[in-house]
Amino acid sequence: MGRIQALDSEVYDLQLKNMELMTQVTGLQGQLSVEQVQNGKNRITVKVLSKPPYTPFDIFMLDGGTDQGISLGANVYIGTNTLIGTVSKVEKSHAEVTLFSSGSSTFETRLLRTGETILIHGDGGGSFSIVLPKDFDIKVGDTLVDGAKSQHIITQIYSIDESSQGSFKKVYARIPVNVFRSEWVG
């Protein structure tokens with residue numbers, strides 16, 4: 001039994017290290033992408049003008065707007081596959097992005113490993129929480145993707161609290177890259 005716990009601990013440490021490395025890789029890429037709603041194949045790269053702590057929690061201001069082809073409701077990515085939010089306001093030369101992790105966000109995702117649908121709640125700061133039945137099959141390191149067939153990564157599970165006496169467990173997740181270090185969006 002002790003050996004199993006040691007291996008579980010090692011797996012957890014490796015998963016955390018993997019998430020840290022993914023963050024570093026994305027930081028080196030240094031780009032977010034804004035997908036135009038009208039044409040999902042085109043992405044535009046623009047500079048992030050400001051982000052927390054200089055803007056309200058989970059809001060980015062972009063140095064690009066309708067003049068650059070950015071539209072209201074456009075998806076915002078880090079790298080090629082991590083979906084982090086949508087354009088919530090757009091002007092001629094600038095735009096505002098609200099991250100999915102915003103405290104006011106609740107939306108449907110899919111557990112990539114099983115295809116199960118999961119409702120997640122934004123907690124702010126790139127973090128999410130989920131309340132699930134204790135017997136629900138979810139593991140640390142699992143990836144949640146958008147509800148569409150596109151399978152864009154939304155978040156990864158980093159902790160599961162099953163200590164409650166009740167029938168539910170609380171699951172904690174975060175965007176698998178450090179969005180607050182990003183300097184470019186597209």
# chains A, B, ... in the order shown; residues from 1 in each chain; ligands from 1
$ select_by_dssp --residues "segment 4-184 of chain A" --states "helix (DSSP H, G or I)" --output "PyMOL selection string"
chain A and resi 4-29+66-68+179-181
$ closest_residue --among "A:Leu83, A:Val131, A:Leu49, A:Leu14" --to "Leu99 of chain A" --atoms "only C-alpha atoms"
A:Leu83
$ closest_residue --among "A:Ser163, A:Thr98, A:Ser93, A:Gln68" --to "Val179 of chain A" --atoms "only C-alpha atoms"
A:Thr98
$ closest_residue --among "A:Leu7, A:Ala95, A:Leu21, A:Ile175" --to "Val48 of chain A" --atoms "only C-alpha atoms"
A:Ala95
$ residues_around --residues "Phe60 of chain A" --least-positions-apart "5" --cutoff "12 Å" --atoms "only C-alpha atoms" --output "number ranges by chain"
A: 32, 46-55, 76, 84-90, 94-100, 102, 125, 179-185
$ residues_around --residues "segment 140-143 of chain A" --least-positions-apart "6" --cutoff "10 Å" --atoms "only C-alpha atoms" --output "PyMOL selection string"
chain A and resi 11-12+14-16+18-19+109-114+151-160+171-176
$ closest_residue --among "A:Ser9, A:Pro133, A:Ser101, A:Leu144" --to "Thr117 of chain A" --atoms "only C-alpha atoms"
A:Leu144
